[in-house]
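Engineer: Please find final-v3.txt (compact mmCIF, C-alpha atoms) on the next line:
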```txt
# COMPACT_ATOMS: atom_id res chain seq x y z
CA MET A 1 27.08 132.43 43.63
CA ASP A 2 24.79 135.13 44.94
CA GLN A 3 25.98 137.94 47.12
CA GLY A 4 24.67 136.33 50.36
CA ALA A 5 26.51 133.11 49.77
CA ALA A 6 29.66 134.98 48.87
CA ALA A 7 29.45 136.98 52.04
CA VAL A 8 29.01 133.84 54.10
CA TRP A 9 31.93 132.16 52.31
CA ALA A 10 34.16 135.17 52.85
CA ALA A 11 33.20 135.29 56.50
CA GLY A 12 34.02 131.58 56.82
CA ILE A 13 37.42 132.10 55.28
CA GLY A 14 38.08 134.98 57.65
CA VAL A 15 37.07 132.97 60.68
CA GLY A 16 39.20 130.02 59.53
CA GLY A 17 42.21 132.25 59.08
CA VAL A 18 41.81 133.64 62.53
CA VAL A 19 41.50 130.14 63.97
CA ILE A 20 44.57 128.91 62.08
CA THR A 21 46.55 131.96 63.07
CA ALA A 22 45.49 131.57 66.65
CA GLY A 23 46.38 127.87 66.56
CA MET A 24 49.80 128.59 65.16
CA GLY A 25 50.37 131.24 67.80
CA TRP A 26 49.33 128.84 70.54
CA TYR A 27 51.69 126.13 69.19
CA ALA A 28 54.57 128.55 68.98
CA ALA A 29 53.85 129.82 72.48
CA ARG A 30 53.64 126.27 73.82
CA LYS A 31 56.87 125.31 72.13
CA ALA A 32 58.61 128.36 73.55
CA ALA A 33 57.21 127.64 77.00
CA THR A 34 58.40 124.03 76.76
CA ALA A 35 61.85 125.20 75.74
CA GLN A 36 61.91 127.62 78.66
CA ILE A 37 60.85 124.87 81.07
CA GLU A 38 63.51 122.52 79.74
CA ALA A 39 66.12 125.26 80.02
CA ALA A 40 65.02 125.95 83.57
CA HIS A 41 65.27 122.24 84.38
CA ARG A 42 68.76 122.06 82.94
CA ALA A 43 69.82 125.15 84.86
CA ALA A 44 68.34 123.76 88.07
CA ALA A 45 70.04 120.41 87.50
CA ALA A 46 73.36 122.16 86.88
CA GLN A 47 72.95 124.12 90.09
CA VAL A 48 72.13 120.97 92.04
CA ASP A 49 75.17 119.19 90.56
CA ALA A 50 77.36 122.16 91.45
CA VAL A 51 76.04 122.20 95.02
CA LEU A 52 76.53 118.45 95.38
CA ALA A 53 80.04 118.68 93.98
CA GLY A 54 80.85 121.45 96.43
CA VAL A 55 79.46 119.44 99.35
CA GLN A 56 81.39 116.33 98.28
CA ALA A 57 84.60 118.33 97.94
CA GLN A 58 84.05 119.83 101.38
CA PHE A 59 83.42 116.42 102.95
CA SER A 60 86.45 114.99 101.15
CA ALA A 61 88.66 117.81 102.44
CA GLN A 62 87.28 117.40 105.96
CA ARG A 63 87.84 113.65 105.81
CA GLN A 64 91.43 114.07 104.63
CA GLU A 65 92.07 116.64 107.35
CA ALA A 66 90.59 114.31 109.96
CA MET A 67 92.75 111.43 108.74
CA TRP A 68 95.83 113.65 108.91
CA GLN A 69 95.00 114.63 112.47
CA VAL A 70 94.58 110.96 113.46
CA ARG A 71 97.90 110.15 111.82
CA ARG A 72 99.65 113.03 113.57
CA GLU A 73 98.20 112.07 116.97
CA ALA A 74 99.33 108.45 116.48
CA TYR A 75 102.83 109.66 115.63
CA THR A 76 102.90 111.95 118.65
CA ALA A 77 101.66 109.28 121.06
CA PHE A 78 104.16 106.73 119.76
CA LEU A 79 107.11 109.10 119.92
CA GLY A 80 106.08 110.27 123.38
CA GLN A 81 106.09 106.68 124.63
CA VAL A 82 109.47 106.04 122.99
CA GLU A 83 110.88 109.10 124.72
CA ALA A 84 109.42 107.99 128.05
CA ALA A 85 111.15 104.63 127.68
CA ARG A 86 114.42 106.28 126.66
CA VAL A 87 114.41 108.56 129.70
CA GLU A 88 113.78 105.62 132.02
CA VAL A 89 116.54 103.58 130.38
CA VAL A 90 118.99 106.45 130.81
CA ASP A 91 117.91 106.99 134.41
CA LEU A 92 118.30 103.29 135.22
CA ALA A 93 121.71 103.19 133.55
CA TYR A 94 122.74 106.15 135.70
CA LEU A 95 121.56 104.35 138.84
CA CYS A 96 123.51 101.30 137.73
CA GLY A 97 126.62 103.46 137.47
CA ALA A 98 125.99 104.74 140.98
CA ALA A 99 125.53 101.17 142.20
CA ILE A 100 128.85 100.15 140.63
CA ASP A 101 130.57 103.05 142.35
CA THR A 102 129.27 101.88 145.76
CA MET A 103 130.91 98.50 145.27
CA ASP A 104 134.26 100.09 146.01
CA ARG A 105 132.94 101.69 149.18
CA ALA A 106 131.65 99.26 151.73
CA SER A 107 129.96 101.97 153.75
CA SER A 108 127.90 103.25 150.82
CA THR A 109 124.31 102.18 150.22
CA ALA A 110 123.53 100.94 146.72
CA PRO A 111 120.53 102.55 145.03
CA ASP A 112 117.35 100.58 144.37
CA LEU A 113 117.50 99.17 140.84
CA ASP A 114 114.55 96.80 140.86
CA THR A 115 111.77 99.40 141.24
CA PRO A 116 112.81 101.57 138.27
CA ARG A 117 113.46 98.39 136.28
CA GLY A 118 109.88 97.29 136.90
CA GLN A 119 108.59 100.71 135.89
CA LEU A 120 110.66 100.54 132.71
CA ALA A 121 109.16 97.15 131.86
CA GLN A 122 105.66 98.64 132.16
CA THR A 123 106.59 101.63 130.02
CA PHE A 124 107.89 99.31 127.33
CA ARG A 125 104.68 97.27 127.42
CA ASP A 126 102.73 100.48 126.90
CA LEU A 127 104.91 101.17 123.88
CA TRP A 128 103.59 97.99 122.27
CA LEU A 129 100.08 99.46 122.44
CA ARG A 130 101.24 102.73 120.89
CA ASP A 131 102.96 100.80 118.13
CA SER A 132 99.75 98.88 117.37
CA ALA A 133 97.70 102.08 117.24
CA LEU A 134 100.24 103.68 114.93
CA ARG A 135 100.03 100.76 112.50
CA LEU A 136 96.31 101.47 112.03
CA SER A 137 97.03 105.04 110.91
CA VAL A 138 100.10 104.91 108.68
CA SER A 139 101.45 103.18 105.60
CA VAL A 140 103.32 99.88 105.64
CA GLU A 141 106.63 101.67 105.17
CA GLU A 142 105.99 104.00 108.07
CA ALA A 143 104.91 101.09 110.26
CA GLU A 144 108.15 99.27 109.46
CA ARG A 145 110.18 102.32 110.47
CA ALA A 146 108.26 102.48 113.74
CA GLU A 147 108.97 98.80 114.29
CA GLN A 148 112.71 99.38 113.81
CA LEU A 149 112.62 102.15 116.40
CA ARG A 150 110.69 99.96 118.81
CA LEU A 151 113.33 97.26 118.39
CA LEU A 152 116.00 99.80 119.33
CA VAL A 153 114.02 100.60 122.46
CA MET A 154 113.72 96.91 123.25
CA GLY A 155 117.47 96.45 122.81
CA ALA A 156 118.18 99.31 125.21
CA VAL A 157 115.71 97.91 127.74
CA GLU A 158 117.20 94.43 127.54
CA ASP A 159 120.80 95.67 127.83
CA VAL A 160 120.17 97.86 130.85
CA GLY A 161 118.22 94.96 132.39
CA GLU A 162 121.22 92.72 131.86
CA LEU A 163 123.37 95.37 133.51
CA VAL A 164 121.12 95.27 136.57
CA ASP A 165 121.46 91.47 136.69
CA MET A 166 125.24 91.64 136.43
CA ILE A 167 125.39 94.18 139.25
CA HIS A 168 123.24 91.95 141.44
CA ILE A 169 125.55 88.98 140.96
CA GLY A 170 128.66 91.16 141.09
CA ARG A 171 130.41 90.07 137.91
CA GLN A 172 130.87 91.10 134.28
CA PHE A 173 128.99 94.32 134.96
CA ARG A 174 131.59 96.53 133.30
CA ALA A 175 131.13 94.79 129.92
CA ALA A 176 127.36 94.94 130.39
CA ARG A 177 127.65 98.64 131.14
CA ARG A 178 129.46 99.24 127.86
CA ARG A 179 126.78 97.31 125.94
CA SER A 180 124.08 99.30 127.66
CA GLN A 181 125.69 102.60 126.74
CA THR A 182 126.09 101.48 123.13
CA SER A 183 122.41 100.56 122.87
CA ILE A 184 121.42 103.91 124.41
CA ASP A 185 123.52 105.74 121.83
CA GLU A 186 121.91 103.72 119.03
CA LEU A 187 118.48 104.50 120.41
CA ASN A 188 119.23 108.22 120.55
CA GLU A 189 120.34 108.16 116.91
CA GLY A 190 117.29 106.11 115.94
CA ILE A 191 114.92 108.61 117.55
CA VAL A 192 116.50 111.49 115.66
CA GLU A 193 116.27 109.62 112.35
CA TRP A 194 112.71 108.42 112.93
CA THR A 195 111.54 111.87 113.94
CA ARG A 196 113.02 113.38 110.79
CA ASN A 197 111.26 110.82 108.59
CA ALA A 198 108.00 111.26 110.47
CA ARG A 199 108.13 115.01 109.96
CA GLU A 200 108.65 114.50 106.22
CA TYR A 201 105.79 112.02 105.95
CA LEU A 202 103.42 114.28 107.83
CA GLY A 203 104.44 117.27 105.73
CA SER A 204 103.83 115.47 102.45
CA ALA A 205 100.53 114.07 103.73
CA ARG A 206 99.40 117.57 104.74
CA GLN A 207 100.17 118.91 101.25
CA GLU A 208 98.15 116.09 99.68
CA ALA A 209 95.24 116.87 102.01
```
Reformat the file's structure so that it appears as structure tokens.

Structural biologist:
Amino acid sequence: MDQGAAAVWAAGIGVGGVVITAGMGWYAARKAATAQIEAAHRAAAAQVDAVLAGVQAQFSAQRQEAMWQVRREAYTAFLGQVEAARVEVVDLAYLCGAAIDTMDRASSTAPDLDTPRGQLAQTFRDLWLRDSALRLSVSVEEAERAEQLRLLVMGAVEDVGELVDMIHIGRQFRAARRRSQTSIDELNEGIVEWTRNAREYLGSARQEA
């Protein structure tokens, strides 16, 4: 091989080495860039997942809080209607007592019993609606407890209504008065017990929320 050919060959080898070296550098750079892009994608995906998880947790907490508020409002409305009925039962029973007292005094005017009795009947009908609304917001066990309290209210309403009837016909009103007082006492005890249970249920539900 003459010197010219050798020079050309050496130059070719040099150029080839540079090309190979450059190619290897480009491959390594591309691989590193790909790895960086994949890492960036994973980091971005992790951030998105974290944000979504945070949003879902926030919505879940808000939903639980909203459900607790609905439950509490249903309890409050139901108990308020029960108390309204209780007050009217007690007031009517008191008027019945006054009416009985006038029976011994011919000159006395008996109080009106029919108007408050009609109002009491309407209040009790409204309690049915509160009971239905409560059932949509609480567990089966809680709904059953509410039903038991409503039955106590109904018993008190029926007994004081019977007392009014007995006063109107002027017989057996003393026995009816005792039954009415017994049902009022049972209702008072039932309200205390139901309120205590309701407070416990709401407290445990708030802790879960």

Engineer: Choose the residue, out of A:Glu186, A:Asp126, A:Glu158, A:Glu144, that has the smallest atom-to-atom separation from A:Leu92; count all atoms listed in the file.

Structural biologist: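 Selected residue with least distance to A:Leu92: A:Glu158.
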
Engineer: Taking into account only C-alpha atoms, which residue in the set A:Leu136, A:Glu189, A:Asp104, A:Ser180 is nearest to A:Met154?

Structural biologist: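 Going through A:Leu136, A:Glu189, A:Asp104, A:Ser180 one by one, the smallest distance to A:Met154 is for A:Ser180.
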
Engineer: Closest to A:Thr195 among A:Glu142, A:Glu162, A:Asp114, A:Glu88, using only C-alpha atoms?

Structural biologist: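 Looking only at the distances to A:Thr195, the closest residue turns out to be A:Glu142.
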
Engineer: Given all atoms listed in the file as the basis, pick out the residue of A:Leu149, A:Arg105, A:Asp91, A:Trp68 nearest to A:Asn197.

Structural biologist: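 Once distances to A:Asn197 are computed over all atoms listed in the file, the minimum belongs to A:Leu149.
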
Engineer: Hey, which of A:Leu187, A:Val157, A:Cys96, A:Val70 ends up closest to A:Gln122? Count all atoms listed in the file.

Structural biologist: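 Comparing A:Leu187, A:Val157, A:Cys96, A:Val70 against A:Gln122, the winner is A:Val157.
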
Engineer: Can you measure atom CA of A:Leu134 to atom CA of A:Phe78 for me? One decimal in Å is fine.

Structural biologist: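 For atom CA of A:Leu134 relative to atom CA of A:Phe78, the distance reads 6.9 Å.
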
Engineer: For a quick check of understanding, using all atoms listed in the file, which of A:Ala143, A:Ala133, A:Met166, A:Ala156 has the smallest distance to A:Ala85?

Structural biologist: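 The closest residue to A:Ala85 is A:Ala156.
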
Engineer: Show which residues sit within 10 Å of A:Val153, as a list in words. Count only C-alpha atoms, and ignore same-chain residues fewer than 2 positions away.

Structural biologist: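 Non-adjacent residues within range: Val82, Glu83, Ala85, Arg86, Val89, Phe124, Leu127, Glu147, Gln148, Leu149, Arg150, Leu151, Gly155, Ala156, Val157, Glu158, Asp159, Ser183, Ile184, Glu186, Leu187, Asn188, Gly190 and Ile191 of chain A.
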
Engineer: Please dump the current selection as a PDB file, in the coordinates of the input; keep C-alpha atoms.

Structural biologist:
```
ATOM      1  CA  VAL A  82     109.470 106.040 122.990  1.00  0.00           C
ATOM      2  CA  GLU A  83     110.880 109.100 124.720  1.00  0.00           C
ATOM      3  CA  ALA A  85     111.150 104.630 127.680  1.00  0.00           C
ATOM      4  CA  ARG A  86     114.420 106.280 126.660  1.00  0.00           C
ATOM      5  CA  VAL A  89     116.540 103.580 130.380  1.00  0.00           C
ATOM      6  CA  PHE A 124     107.890  99.310 127.330  1.00  0.00           C
ATOM      7  CA  LEU A 127     104.910 101.170 123.880  1.00  0.00           C
ATOM      8  CA  GLU A 147     108.970  98.800 114.290  1.00  0.00           C
ATOM      9  CA  GLN A 148     112.710  99.380 113.810  1.00  0.00           C
ATOM     10  CA  LEU A 149     112.620 102.150 116.400  1.00  0.00           C
ATOM     11  CA  ARG A 150     110.690  99.960 118.810  1.00  0.00           C
ATOM     12  CA  LEU A 151     113.330  97.260 118.390  1.00  0.00           C
ATOM     13  CA  GLY A 155     117.470  96.450 122.810  1.00  0.00           C
ATOM     14  CA  ALA A 156     118.180  99.310 125.210  1.00  0.00           C
ATOM     15  CA  VAL A 157     115.710  97.910 127.740  1.00  0.00           C
ATOM     16  CA  GLU A 158     117.200  94.430 127.540  1.00  0.00           C
ATOM     17  CA  ASP A 159     120.800  95.670 127.830  1.00  0.00           C
ATOM     18  CA  SER A 183     122.410 100.560 122.870  1.00  0.00           C
ATOM     19  CA  ILE A 184     121.420 103.910 124.410  1.00  0.00           C
ATOM     20  CA  GLU A 186     121.910 103.720 119.030  1.00  0.00           C
ATOM     21  CA  LEU A 187     118.480 104.500 120.410  1.00  0.00           C
ATOM     22  CA  ASN A 188     119.230 108.220 120.550  1.00  0.00           C
ATOM     23  CA  GLY A 190     117.290 106.110 115.940  1.00  0.00           C
ATOM     24  CA  ILE A 191     114.920 108.610 117.550  1.00  0.00           C
TER      25      ILE A 191
END
```

Engineer: Would you work out the distance separating atom CA of A:Thr182 from atom CA of A:Gly161, expressed in Å to one decimal?

Structural biologist: 13.8 Å

Engineer: Just the number, please: distance in Å from atom CA of A:Trp128 to atom CA of A:Thr115, one decimal.

Structural biologist: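 Atom-to-atom, atom CA of A:Trp128 to atom CA of A:Thr115, that is 20.7 Å.
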
Engineer: When you look at A:Arg174 with a cut-off of 12 Å (counting all atoms listed in the file), what residues show up, excluding the ones that are within fewer than 4 positions of it in the same chain? I need them as JSON, numbers by chain.

Structural biologist: {"A": [93, 96, 97, 99, 100, 101, 160, 162, 163, 164, 165, 166, 167, 170, 178, 179, 180, 181]}
